[in-house]
Every structure is written in C-alpha cells, then in structure tokens.
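Containing mmCIF, C-alpha atoms and all ligand atoms: work-v5.cif.
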```
data_target
loop_
_atom_site.label_atom_id
_atom_site.label_comp_id
_atom_site.auth_asym_id
_atom_site.auth_seq_id
_atom_site.Cartn_x
_atom_site.Cartn_y
_atom_site.Cartn_z
CA MET L 1 0.00 0.00 0.00
CA GLU L 2 1.18 3.46 -0.89
CA VAL L 3 0.82 6.48 1.38
CA ARG L 4 -1.84 8.92 0.20
CA ALA L 5 -0.24 12.38 -0.05
CA LYS L 6 -1.43 14.90 2.52
CA LYS L 7 -1.20 18.48 1.38
CA TYR L 8 -1.19 20.00 4.86
CA LEU L 9 2.00 18.06 5.62
CA GLY L 10 3.69 19.33 2.46
CA GLN L 11 3.81 15.81 1.05
CA HIS L 12 5.18 15.67 -2.49
CA PHE L 13 6.77 12.27 -2.97
CA LEU L 14 9.76 12.09 -5.26
CA LYS L 15 9.25 9.54 -8.04
CA ASP L 16 12.61 9.79 -9.78
CA GLU L 17 15.09 7.26 -8.40
CA HIS L 18 18.01 8.87 -10.16
CA ILE L 19 17.37 12.23 -8.49
CA ALA L 20 16.88 10.52 -5.12
CA GLN L 21 20.27 8.87 -5.50
CA GLN L 22 21.85 12.13 -6.61
CA ILE L 23 20.54 13.87 -3.46
CA ALA L 24 21.76 11.07 -1.18
CA GLU L 25 25.18 11.17 -2.86
CA SER L 26 25.46 14.93 -2.35
CA LEU L 27 26.39 14.38 1.30
CA THR L 28 30.15 14.78 1.49
CA GLY L 29 30.65 12.35 4.37
CA SER L 30 31.81 15.02 6.82
CA THR L 31 30.15 12.99 9.58
CA PRO L 32 28.77 9.43 9.72
CA HIS L 33 25.78 10.62 11.78
CA VAL L 34 22.85 11.56 9.58
CA LEU L 35 19.28 12.71 10.21
CA GLU L 36 16.70 12.66 7.44
CA ILE L 37 13.72 14.97 7.87
CA GLY L 38 10.45 13.75 6.37
CA PRO L 39 11.39 10.42 4.72
CA GLY L 40 7.80 9.82 3.54
CA MET L 41 7.89 6.54 1.64
CA GLY L 42 11.64 6.34 1.86
CA VAL L 43 12.79 7.19 -1.64
CA LEU L 44 15.95 8.90 -0.29
CA THR L 45 16.10 6.73 2.78
CA LYS L 46 16.74 3.66 0.69
CA TYR L 47 20.07 5.04 -0.55
CA LEU L 48 21.10 6.39 2.84
CA GLN L 49 20.41 3.36 4.96
CA ALA L 50 22.07 1.11 2.39
CA ASN L 51 25.36 2.67 3.48
CA PRO L 52 26.50 0.67 6.53
CA ALA L 53 29.04 3.35 7.44
CA LEU L 54 26.24 5.75 8.37
CA ASP L 55 24.60 6.09 11.77
CA PHE L 56 21.25 6.90 10.21
CA HIS L 57 18.05 8.22 11.79
CA ALA L 58 14.90 9.71 10.34
CA ILE L 59 12.05 11.79 11.73
CA GLU L 60 8.63 11.69 10.12
CA ILE L 61 5.45 13.35 11.40
CA ASP L 62 2.95 11.30 9.40
CA THR L 63 1.74 8.10 11.13
CA GLU L 64 0.86 6.45 7.85
CA SER L 65 4.33 7.10 6.40
CA VAL L 66 5.95 5.80 9.59
CA ALA L 67 3.93 2.57 9.33
CA TYR L 68 4.99 2.25 5.68
CA LEU L 69 8.65 2.73 6.61
CA HIS L 70 8.46 0.16 9.43
CA ASP L 71 7.04 -2.32 6.95
CA HIS L 72 9.53 -1.72 4.17
CA TYR L 73 12.67 -0.85 6.16
CA PRO L 74 12.37 -2.83 9.41
CA SER L 75 15.89 -1.99 10.58
CA LEU L 76 15.47 1.77 10.08
CA HIS L 77 15.45 3.99 13.17
CA VAL L 78 12.52 6.29 12.46
CA ILE L 79 11.15 8.63 15.08
CA GLU L 80 7.50 9.56 14.74
CA GLY L 81 7.33 13.27 15.47
CA ASP L 82 7.82 16.88 14.46
CA PHE L 83 11.36 17.90 13.56
CA LEU L 84 10.66 21.42 14.78
CA LYS L 85 9.98 20.07 18.29
CA LEU L 86 12.77 17.50 18.30
CA ASP L 87 15.45 17.92 20.96
CA LEU L 88 18.52 17.41 18.79
CA ARG L 89 20.90 17.06 21.73
CA GLU L 90 18.98 14.05 22.96
CA LEU L 91 19.20 12.29 19.61
CA PHE L 92 22.89 12.81 18.83
CA SER L 93 25.84 13.39 21.09
CA GLU L 94 28.06 13.95 18.05
CA PRO L 95 27.75 16.42 15.17
CA PHE L 96 25.35 15.18 12.50
CA ALA L 97 24.35 16.00 8.93
CA VAL L 98 20.77 16.86 7.99
CA ILE L 99 19.23 15.70 4.71
CA GLY L 100 15.80 15.66 3.16
CA ASN L 101 13.32 16.50 0.52
CA PHE L 102 11.86 18.90 3.00
CA PRO L 103 8.22 19.78 3.61
CA TYR L 104 8.11 23.15 1.86
CA ASN L 105 5.59 24.67 4.26
CA ILE L 106 8.20 24.65 7.06
CA SER L 107 11.40 25.29 5.05
CA SER L 108 12.30 28.52 6.78
CA GLN L 109 11.66 27.07 10.22
CA ILE L 110 13.89 24.10 9.42
CA LEU L 111 16.65 26.48 8.31
CA PHE L 112 16.31 28.67 11.41
CA LYS L 113 16.61 25.53 13.54
CA VAL L 114 19.77 24.59 11.61
CA TYR L 115 21.12 28.08 12.26
CA GLU L 116 20.43 27.79 15.98
CA ASN L 117 22.12 24.38 16.09
CA ARG L 118 24.95 25.30 13.73
CA ASN L 119 27.66 23.95 16.01
CA SER L 120 26.13 20.46 15.92
CA ILE L 121 25.25 20.44 12.21
CA PRO L 122 28.32 20.43 9.93
CA GLU L 123 26.34 19.80 6.77
CA VAL L 124 22.87 20.06 5.24
CA VAL L 125 21.75 18.66 1.88
CA GLY L 126 18.19 19.57 1.13
CA MET L 127 15.57 19.99 -1.50
CA PHE L 128 13.53 23.15 -1.17
CA GLN L 129 11.20 25.00 -3.43
CA LYS L 130 13.42 26.73 -5.96
CA GLU L 131 12.82 30.29 -4.70
CA VAL L 132 13.80 29.31 -1.15
CA ALA L 133 16.92 27.53 -2.41
CA GLU L 134 17.86 30.61 -4.42
CA ARG L 135 17.24 32.90 -1.47
CA VAL L 136 19.44 30.84 0.82
CA ALA L 137 22.25 30.66 -1.75
CA ALA L 138 21.95 34.33 -2.81
CA LYS L 139 24.88 36.72 -2.61
CA PRO L 140 24.82 40.40 -1.57
CA GLY L 141 23.42 42.71 -4.24
CA SER L 142 20.87 40.25 -5.57
CA LYS L 143 17.12 40.74 -5.20
CA THR L 144 16.67 37.40 -3.46
CA TYR L 145 19.36 38.00 -0.81
CA GLY L 146 17.61 37.98 2.57
CA ILE L 147 17.69 37.18 6.28
CA LEU L 148 18.46 33.49 5.86
CA SER L 149 21.16 34.17 3.24
CA VAL L 150 23.04 36.42 5.67
CA LEU L 151 22.57 34.37 8.83
CA LEU L 152 23.42 31.06 7.19
CA SER L 153 26.29 32.32 5.05
CA ALA L 154 27.92 33.68 8.20
CA PHE L 155 28.47 30.07 9.25
CA TYR L 156 28.05 27.94 6.14
CA ASP L 157 29.45 27.73 2.61
CA ILE L 158 26.31 27.41 0.53
CA GLU L 159 26.08 25.80 -2.91
CA TYR L 160 23.13 25.62 -5.29
CA LEU L 161 23.50 22.09 -6.66
CA PHE L 162 20.69 21.51 -9.18
CA THR L 163 17.13 22.34 -10.17
CA VAL L 164 14.38 19.71 -10.07
CA HIS L 165 11.30 19.76 -12.29
CA GLU L 166 7.81 19.55 -10.68
CA HIS L 167 6.84 16.50 -12.75
CA VAL L 168 9.12 14.16 -10.84
CA PHE L 169 6.86 14.43 -7.77
CA ASN L 170 3.59 12.87 -6.84
CA PRO L 171 1.55 15.01 -6.59
CA PRO L 172 3.52 17.66 -8.52
CA PRO L 173 4.03 20.87 -6.54
CA LYS L 174 3.11 24.18 -8.20
CA VAL L 175 6.71 25.34 -8.29
CA LYS L 176 10.11 24.03 -9.26
CA SER L 177 12.45 22.67 -6.64
CA ALA L 178 16.18 22.79 -6.12
CA VAL L 179 18.80 21.02 -4.06
CA ILE L 180 21.34 22.99 -2.07
CA ARG L 181 24.22 22.03 0.18
CA LEU L 182 25.42 23.89 3.25
CA GLN L 183 28.82 23.10 4.73
CA ARG L 184 29.91 24.59 8.02
CA ASN L 185 32.79 27.06 7.58
CA HIS L 186 35.56 27.67 10.09
CA VAL L 187 33.93 30.61 11.85
CA SER L 188 33.29 29.44 15.40
CA ALA L 189 31.83 32.76 16.54
CA LEU L 190 31.23 36.14 14.96
CA PRO L 191 33.36 39.00 16.29
CA CYS L 192 30.25 40.73 17.67
CA ASP L 193 27.17 40.14 19.83
CA GLU L 194 25.50 37.37 17.79
CA ALA L 195 21.99 37.90 19.14
CA LEU L 196 22.18 41.59 18.28
CA PHE L 197 23.65 40.68 14.85
CA ALA L 198 20.61 38.50 14.10
CA LYS L 199 18.32 41.30 15.26
CA VAL L 200 20.06 43.91 13.07
CA VAL L 201 19.84 41.59 10.04
CA LYS L 202 16.13 40.91 10.63
CA ILE L 203 15.26 44.55 11.11
CA GLY L 204 17.32 45.55 8.09
CA PHE L 205 15.47 43.15 5.79
CA ASN L 206 12.02 43.68 7.28
CA GLN L 207 12.10 47.01 5.52
CA ARG L 208 14.34 46.02 2.68
CA ARG L 209 13.50 48.96 0.43
CA LYS L 210 14.63 51.45 3.04
CA THR L 211 18.19 52.48 3.66
CA LEU L 212 19.72 51.05 6.80
CA ARG L 213 19.51 54.53 8.36
CA ASN L 214 15.72 54.38 8.16
CA ALA L 215 15.23 50.68 8.77
CA LEU L 216 17.39 50.74 11.91
CA LYS L 217 15.15 53.32 13.62
CA GLN L 218 13.10 50.33 14.77
CA LEU L 219 16.11 49.05 16.66
CA ASN L 220 15.81 51.93 19.09
CA MET L 221 19.54 52.24 19.52
CA ASP L 222 22.09 54.97 18.95
CA ILE L 223 23.37 54.53 15.38
CA SER L 224 25.51 57.66 15.24
CA ALA L 225 28.76 55.65 15.26
CA VAL L 226 27.72 53.46 12.29
CA PRO L 227 29.71 54.45 9.18
CA ASP L 228 27.66 56.60 6.81
CA GLY L 229 28.69 54.44 3.89
CA LEU L 230 26.74 51.55 5.43
CA LEU L 231 23.74 53.55 6.63
CA SER L 232 23.12 54.89 3.15
CA GLN L 233 22.77 51.37 1.68
CA ARG L 234 19.93 48.86 1.79
CA ALA L 235 20.20 45.56 3.65
CA GLU L 236 20.32 43.57 0.42
CA GLN L 237 23.61 45.25 -0.53
CA LEU L 238 25.48 44.40 2.68
CA THR L 239 27.85 41.52 3.41
CA VAL L 240 28.10 39.54 6.64
CA ALA L 241 31.16 41.66 7.53
CA ASP L 242 29.12 44.86 7.02
CA PHE L 243 26.42 43.60 9.38
CA VAL L 244 29.13 42.75 11.93
CA THR L 245 30.46 46.32 11.67
CA ILE L 246 26.98 47.73 12.20
CA THR L 247 26.36 45.44 15.17
CA ASN L 248 29.60 46.61 16.77
CA SER L 249 28.80 50.27 16.14
CA VAL L 250 25.28 50.54 17.55
CA LYS L 251 24.96 51.53 21.19
CA GLU L 252 22.28 51.38 23.84
CA ILE L 253 20.51 54.69 24.36
CA PRO L 254 20.92 55.54 28.06
CA THR L 255 17.47 55.65 29.68
CA ASN L 256 18.22 57.80 32.74
CA GLN L 257 18.93 61.11 31.05
N1 LIG L 301 11.34 12.47 1.43
C1 LIG L 301 10.10 12.02 0.80
C2 LIG L 301 8.88 12.88 1.24
C3 LIG L 301 8.99 14.35 0.95
S1 LIG L 301 7.49 15.20 1.33
C4 LIG L 301 10.25 12.05 -0.69
O1 LIG L 301 11.19 12.67 -1.19
O2 LIG L 301 9.42 11.46 -1.39
C5 LIG L 301 7.86 15.87 2.93
C6 LIG L 301 7.75 14.86 4.07
O3 LIG L 301 7.95 15.56 5.31
C7 LIG L 301 6.39 14.18 4.20
O4 LIG L 301 6.58 12.80 4.33
C8 LIG L 301 5.78 14.78 5.46
O5 LIG L 301 4.90 13.91 6.14
C9 LIG L 301 7.00 15.09 6.28
N2 LIG L 301 6.84 16.17 7.28
C10 LIG L 301 6.03 17.26 7.19
N3 LIG L 301 6.18 18.05 8.28
C11 LIG L 301 7.10 17.44 9.08
C12 LIG L 301 7.67 17.76 10.36
N4 LIG L 301 7.33 18.88 11.01
N5 LIG L 301 8.58 16.91 10.90
C13 LIG L 301 8.93 15.76 10.24
N6 LIG L 301 8.42 15.41 9.03
C14 LIG L 301 7.52 16.24 8.45
#
```

Kindly present the structure from the file in structure tokens form.
Ligand code: SAH
Amino acid sequence: MEVRAKKYLGQHFLKDEHIAQQIAESLTGSTPHVLEIGPGMGVLTKYLQANPALDFHAIEIDTESVAYLHDHYPSLHVIEGDFLKLDLRELFSEPFAVIGNFPYNISSQILFKVYENRNSIPEVVGMFQKEVAERVAAKPGSKTYGILSVLLSAFYDIEYLFTVHEHVFNPPPKVKSAVIRLQRNHVSALPCDEALFAKVVKIGFNQRRKTLRNALKQLNMDISAVPDGLLSQRAEQLTVADFVTITNSVKEIPTNQ
C-alpha cells in the first residue's frame, strides 16, 4: 500500500530514483551521523540506509508514512514526530548532517533551527522550493538575498547544486524545486554580539527597500557611530562583515537622562 499524499503536511513524494540517489550522494561524508527529515515513503532513505558506514536516523510526522517505513525498512530507526519540536541534543551526542526533501511549508523554520544548532550540524543537503533555495544561496546585491542568506552564510558555505522539475513528484508541486548544500565554515563565533547581529539583520530586511539609516530606527539604539557608507545602503547590498560592523557600532541609548 502506498501512502496517500497529505497536502497539509507538504507531502510531495519524489518519483525519480536517479534524483533521489543524486541527493543522497550529495552528502560529502563530513560525519557518519545523519538525520533525514520527512522520509515519507523512503525514496531517499533507501540510498542512505544502504550505506552501513552511516549512523542513520529519520524523523517523520505522518503516522501512515511511519507505518509504511516500518514495513519496508524494518531496521530503520525512524522517530515519529515533528522535527521542529525535536530535541537534537537528545538524539545525537556527536555532530550530524541533515538531509531531506523537505516539507516546503516549514522550510524557513527548518533552516532557522539549523542556524540555531549550527555547532552540531556540519552539513545540510536539502531539497527546497526553488525560490527558497535561491534565497538561501543568494549573494549580496541580488534581489533574493535575505535574512536566511546572511545568517546562514555567516556560518556555512552554501552551494546551489541543481534544479528539479515539478513532474518528478507525486503530486507535482506548483513550483520548481532545487537542491542545495550547506557546509559549516571555520567561523566558530562572529566577532560581535551574535543575538544583536541577528536582530540587526532581521530589522534591516524587514524594511528592505529602506536604507539602513531608516530601517534601523526600529532598533531603538544609537546609530551615530555606524559608518555613513553603510547607513546609506539597503540591507540587500550588505555583506556579513558589514552587518558585523553595524552590530559593533550601535549603542544602547541611556534611559536615565
Ligand atoms: N522524502 C520524501 C517525502 C517528501 S514530502 C520524498 O522525497 O518522497 C515531505 C515529508 O515531510 C512528508 O513525508 C511529510 O509527512 C514530512 N513532514 C512534514 N512536516 C514534518 C515535520 N514537522 N517533521 C517531520 N516530518 C515532516
């Protein structure tokens, strides 16, 4: 019995074995510990769990898919649950790679969770809807460059690997898909307050048409020490290093004046 696709779970099952294999082979082997998000009927899983060198786990939210996986891959360790609620430290004591043809409705949340757990996740290979993949892989100066591009590229080298046509899925999604790979770089910490960095990036892009000078008013901090050359630009033009400079230049406004 096949699993009937459930739209609300973002289920689009990949039909093309060759693409499934290509995705599984895109992991570089930086760590033997691997977590697949949303295995569904196991089209990727098959290639991953066939590799005895991997310590392989999967998390799937859909009861019917989990039952299917138990039937077809009895030795597979599949957790029934929501990746977004999963306590990653409980599952792995060692760094682990994340892979999946991800549920597109929670792509950004998956990526924010990767960002938060960046020191335990050396590598991500994932299929996203094409626009999301492009946004994550975008470089400064491009229209698609956004919050996730800056936050993730501060800690990961990001590659756009290949585009995938909608007809290789059942049911076909409305949009094209693409596979990207993130590999952790050597930056262990940014030379600034990282929480404030994330806040500056978010505020900058929330009003992406405004110059930083205007967008940063929402930050409610003293921006007089931020170089003019940065304040006169828009968030989409700035590099990670520029955002670090801004973060280090803003100051609390004293309240007891
Ligand atoms: N990897 C399979 C299925 C992709 S569809 C394939 O390529 O064919 C996305 C899968 O993610 C579905 O099986 C869906 O049930 C699962 N999923 C959706 N939300 C999830 C969540 N929050 N946590 C874990 N799995 C989830």

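The smallest atom-to-atom distance between ligand LIG 301 (chain L) and any of L:Leu161, L:Leu14, L:Ile147, L:Ile180, using all atoms listed in the file, is found for L:Leu14.
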
Any chance you could tabulate, as JSON lines, the residues of chain L at most 6 Å from ligand LIG 301 (chain L) with each one's nearest atom pair and distance in Å to one decimal, using all atoms listed in the file, in chain and rising number order?
```
{"residue": "L:Leu9", "atom": "CA", "partner": "L:LIG301", "partner_atom": "C10", "distance": 4.4}
{"residue": "L:Gly10", "atom": "CA", "partner": "L:LIG301", "partner_atom": "C5", "distance": 5.4}
{"residue": "L:Gln11", "atom": "CA", "partner": "L:LIG301", "partner_atom": "S1", "distance": 3.7}
{"residue": "L:His12", "atom": "CA", "partner": "L:LIG301", "partner_atom": "S1", "distance": 4.5}
{"residue": "L:Phe13", "atom": "CA", "partner": "L:LIG301", "partner_atom": "O2", "distance": 3.2}
{"residue": "L:Leu14", "atom": "CA", "partner": "L:LIG301", "partner_atom": "O2", "distance": 3.9}
{"residue": "L:Ile37", "atom": "CA", "partner": "L:LIG301", "partner_atom": "C13", "distance": 5.4}
{"residue": "L:Gly38", "atom": "CA", "partner": "L:LIG301", "partner_atom": "O3", "distance": 3.3}
{"residue": "L:Pro39", "atom": "CA", "partner": "L:LIG301", "partner_atom": "N1", "distance": 3.9}
{"residue": "L:Gly40", "atom": "CA", "partner": "L:LIG301", "partner_atom": "O4", "distance": 3.3}
{"residue": "L:Met41", "atom": "CA", "partner": "L:LIG301", "partner_atom": "C1", "distance": 6.0}
{"residue": "L:Gly42", "atom": "CA", "partner": "L:LIG301", "partner_atom": "C1", "distance": 6.0}
{"residue": "L:Val43", "atom": "CA", "partner": "L:LIG301", "partner_atom": "O2", "distance": 5.4}
{"residue": "L:Ile59", "atom": "CA", "partner": "L:LIG301", "partner_atom": "C13", "distance": 5.3}
{"residue": "L:Glu60", "atom": "CA", "partner": "L:LIG301", "partner_atom": "N6", "distance": 3.9}
{"residue": "L:Ile61", "atom": "CA", "partner": "L:LIG301", "partner_atom": "N6", "distance": 4.3}
{"residue": "L:Asp62", "atom": "CA", "partner": "L:LIG301", "partner_atom": "O5", "distance": 4.6}
{"residue": "L:Gly81", "atom": "CA", "partner": "L:LIG301", "partner_atom": "N5", "distance": 6.0}
{"residue": "L:Asp82", "atom": "CA", "partner": "L:LIG301", "partner_atom": "N5", "distance": 3.6}
{"residue": "L:Phe83", "atom": "CA", "partner": "L:LIG301", "partner_atom": "N5", "distance": 4.0}
{"residue": "L:Leu84", "atom": "CA", "partner": "L:LIG301", "partner_atom": "N4", "distance": 5.6}
{"residue": "L:Gly100", "atom": "CA", "partner": "L:LIG301", "partner_atom": "N1", "distance": 5.7}
{"residue": "L:Asn101", "atom": "CA", "partner": "L:LIG301", "partner_atom": "N1", "distance": 4.6}
{"residue": "L:Phe102", "atom": "CA", "partner": "L:LIG301", "partner_atom": "C5", "distance": 5.0}
{"residue": "L:Pro103", "atom": "CA", "partner": "L:LIG301", "partner_atom": "C5", "distance": 4.0}
```

- [ ] Could you please give me, as a list in words, the residues of protein, DNA or RNA lying at most 9 Å from (17.7, 4.2, 11.7) in the coordinate frame of the file, considering only C-alpha atoms?
- [x] Leu35, Gln49, Asp55, Phe56, His57, Ala58, Ser75, Leu76, His77, Val78 and Ile79 of chain L

Open item on the list: Would you pick out the contacts of Glu194 (chain L) at 10 Å or less, using all atoms listed in the file, so that residues sharing its chain but fewer than 5 positions from it are not included, and give the list as a PyMOL selection string?
Closed with: chain L and resi 151+189+199-200+244+247

Could those residues be written to a file, using C-alpha atoms, as a PDB file, in the frame of the given file?
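Result went into out.pdb, see below:
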```pdb
ATOM      1  CA  LEU L 151      22.570  34.370   8.830  1.00  0.00           C
ATOM      2  CA  ALA L 189      31.830  32.760  16.540  1.00  0.00           C
ATOM      3  CA  LYS L 199      18.320  41.300  15.260  1.00  0.00           C
ATOM      4  CA  VAL L 200      20.060  43.910  13.070  1.00  0.00           C
ATOM      5  CA  VAL L 244      29.130  42.750  11.930  1.00  0.00           C
ATOM      6  CA  THR L 247      26.360  45.440  15.170  1.00  0.00           C
TER       7      THR L 247
END
```

So that I can check the surroundings of Ala198 (chain L), please list as a PDB file with C-alpha atoms, in the frame of the given file every protein, DNA and RNA residue that reaches within 12 Å of it, counting only C-alpha atoms and ignoring chain neighbours fewer than 5 positions away.
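Written out: around16.pdb:
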```
ATOM      1  CA  PHE L 112      16.310  28.670  11.410  1.00  0.00           C
ATOM      2  CA  TYR L 115      21.120  28.080  12.260  1.00  0.00           C
ATOM      3  CA  GLU L 116      20.430  27.790  15.980  1.00  0.00           C
ATOM      4  CA  GLY L 146      17.610  37.980   2.570  1.00  0.00           C
ATOM      5  CA  ILE L 147      17.690  37.180   6.280  1.00  0.00           C
ATOM      6  CA  LEU L 148      18.460  33.490   5.860  1.00  0.00           C
ATOM      7  CA  SER L 149      21.160  34.170   3.240  1.00  0.00           C
ATOM      8  CA  VAL L 150      23.040  36.420   5.670  1.00  0.00           C
ATOM      9  CA  LEU L 151      22.570  34.370   8.830  1.00  0.00           C
ATOM     10  CA  LEU L 152      23.420  31.060   7.190  1.00  0.00           C
ATOM     11  CA  ALA L 154      27.920  33.680   8.200  1.00  0.00           C
ATOM     12  CA  LEU L 190      31.230  36.140  14.960  1.00  0.00           C
ATOM     13  CA  CYS L 192      30.250  40.730  17.670  1.00  0.00           C
ATOM     14  CA  ASP L 193      27.170  40.140  19.830  1.00  0.00           C
ATOM     15  CA  ILE L 203      15.260  44.550  11.110  1.00  0.00           C
ATOM     16  CA  GLY L 204      17.320  45.550   8.090  1.00  0.00           C
ATOM     17  CA  PHE L 205      15.470  43.150   5.790  1.00  0.00           C
ATOM     18  CA  LEU L 219      16.110  49.050  16.660  1.00  0.00           C
ATOM     19  CA  VAL L 240      28.100  39.540   6.640  1.00  0.00           C
ATOM     20  CA  PHE L 243      26.420  43.600   9.380  1.00  0.00           C
ATOM     21  CA  VAL L 244      29.130  42.750  11.930  1.00  0.00           C
ATOM     22  CA  ILE L 246      26.980  47.730  12.200  1.00  0.00           C
ATOM     23  CA  THR L 247      26.360  45.440  15.170  1.00  0.00           C
TER      24      THR L 247
END
```

Task: Contact residues around region 164-179 of chain L with all atoms listed in the file at 10 Å, ignoring same-chain residues under 4 positions, as a PyMOL selection string - done: chain L and resi 4-7+10-17+19+22-23+26+100-101+104+125-134+159-160

Keeping only C-alpha atoms, write the selected residues to a file as a compact mmCIF listing (two decimals), in the coordinates of the input.
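Final output, saved to part-v4.txt:
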```txt
# COMPACT_ATOMS: atom_id res chain seq x y z
CA ARG L 4 -1.84 8.92 0.20
CA ALA L 5 -0.24 12.38 -0.05
CA LYS L 6 -1.43 14.90 2.52
CA LYS L 7 -1.20 18.48 1.38
CA GLY L 10 3.69 19.33 2.46
CA GLN L 11 3.81 15.81 1.05
CA HIS L 12 5.18 15.67 -2.49
CA PHE L 13 6.77 12.27 -2.97
CA LEU L 14 9.76 12.09 -5.26
CA LYS L 15 9.25 9.54 -8.04
CA ASP L 16 12.61 9.79 -9.78
CA GLU L 17 15.09 7.26 -8.40
CA ILE L 19 17.37 12.23 -8.49
CA GLN L 22 21.85 12.13 -6.61
CA ILE L 23 20.54 13.87 -3.46
CA SER L 26 25.46 14.93 -2.35
CA GLY L 100 15.80 15.66 3.16
CA ASN L 101 13.32 16.50 0.52
CA TYR L 104 8.11 23.15 1.86
CA VAL L 125 21.75 18.66 1.88
CA GLY L 126 18.19 19.57 1.13
CA MET L 127 15.57 19.99 -1.50
CA PHE L 128 13.53 23.15 -1.17
CA GLN L 129 11.20 25.00 -3.43
CA LYS L 130 13.42 26.73 -5.96
CA GLU L 131 12.82 30.29 -4.70
CA VAL L 132 13.80 29.31 -1.15
CA ALA L 133 16.92 27.53 -2.41
CA GLU L 134 17.86 30.61 -4.42
CA GLU L 159 26.08 25.80 -2.91
CA TYR L 160 23.13 25.62 -5.29
```

TODO: Point out the residue among L:Lys251, L:Lys113, L:His18, L:Arg213 with the least atom-to-atom distance to Leu88 (chain L), counting all atoms listed in the file.
DONE: L:Lys113

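Neighbouring residues of Val3 (chain L) at 8 Å or closer, counting only C-alpha atoms and skipping chain neighbours under 6 positions away, are Met41, Glu64, Ser65 and Tyr68 of chain L.
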
- [ ] For each of L:Ala67, L:Leu230, L:Ala97, L:Leu48, take the minimum atom-to-atom distance to Asn119 (chain L), counting all atoms listed in the file, then give the residue where this is smallest.
- [x]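 Of L:Ala67, L:Leu230, L:Ala97, L:Leu48, the one nearest Asn119 (chain L), counting all atoms listed in the file, is L:Ala97.
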
Task: Non-local contacts of Val250 (chain L) (9 Å; only C-alpha atoms; under 5 positions in same chain excluded) as a PyMOL selection string - done: chain L and resi 221-226+245

Open item on the list: So, with all atoms listed in the file as the atoms that count, which of L:Leu212, L:Asp157, L:Ser93, L:Ile99 lies closest to His186 (chain L)?
Closed with: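 Among the listed residues, the smallest separation from His186 (chain L) belongs to L:Asp157.
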
Task: Distance of CA of Tyr73 (chain L) from CA of Asn51 (chain L), expressed in Å to one decimal place - done: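 Spanning CA of Asn51 (chain L) to CA of Tyr73 (chain L) is a straight-line distance of 13.4 Å.
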
Open item on the list: Restricting the calculation to only C-alpha atoms: of L:Glu123, L:Glu2, L:Glu80, L:Glu90, which residue gets closest to Leu27 (chain L)?
Closed with: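 Of the candidates, the smallest distance to Leu27 (chain L) is held by L:Glu123.
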
TODO: Considering all atoms listed in the file, state which residue in the set L:Leu111, L:Leu69, L:Pro95, L:Pro140 is at the smallest distance from Ala241 (chain L).
DONE: L:Pro140

Task: Atomic separation - CA of Ala195 (chain L) relative to CA of Asp242 (chain L), Å - done: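 Taking CA of Asp242 (chain L) and CA of Ala195 (chain L), their separation equals 15.7 Å.
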
- [ ] Kindly give the distance, in Å, that separates CA of Gln233 (chain L) and CA of Pro191 (chain L), rounded to a single decimal.
- [x]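 According to the coordinates, CA of Gln233 (chain L) and CA of Pro191 (chain L) are separated by 21.9 Å.
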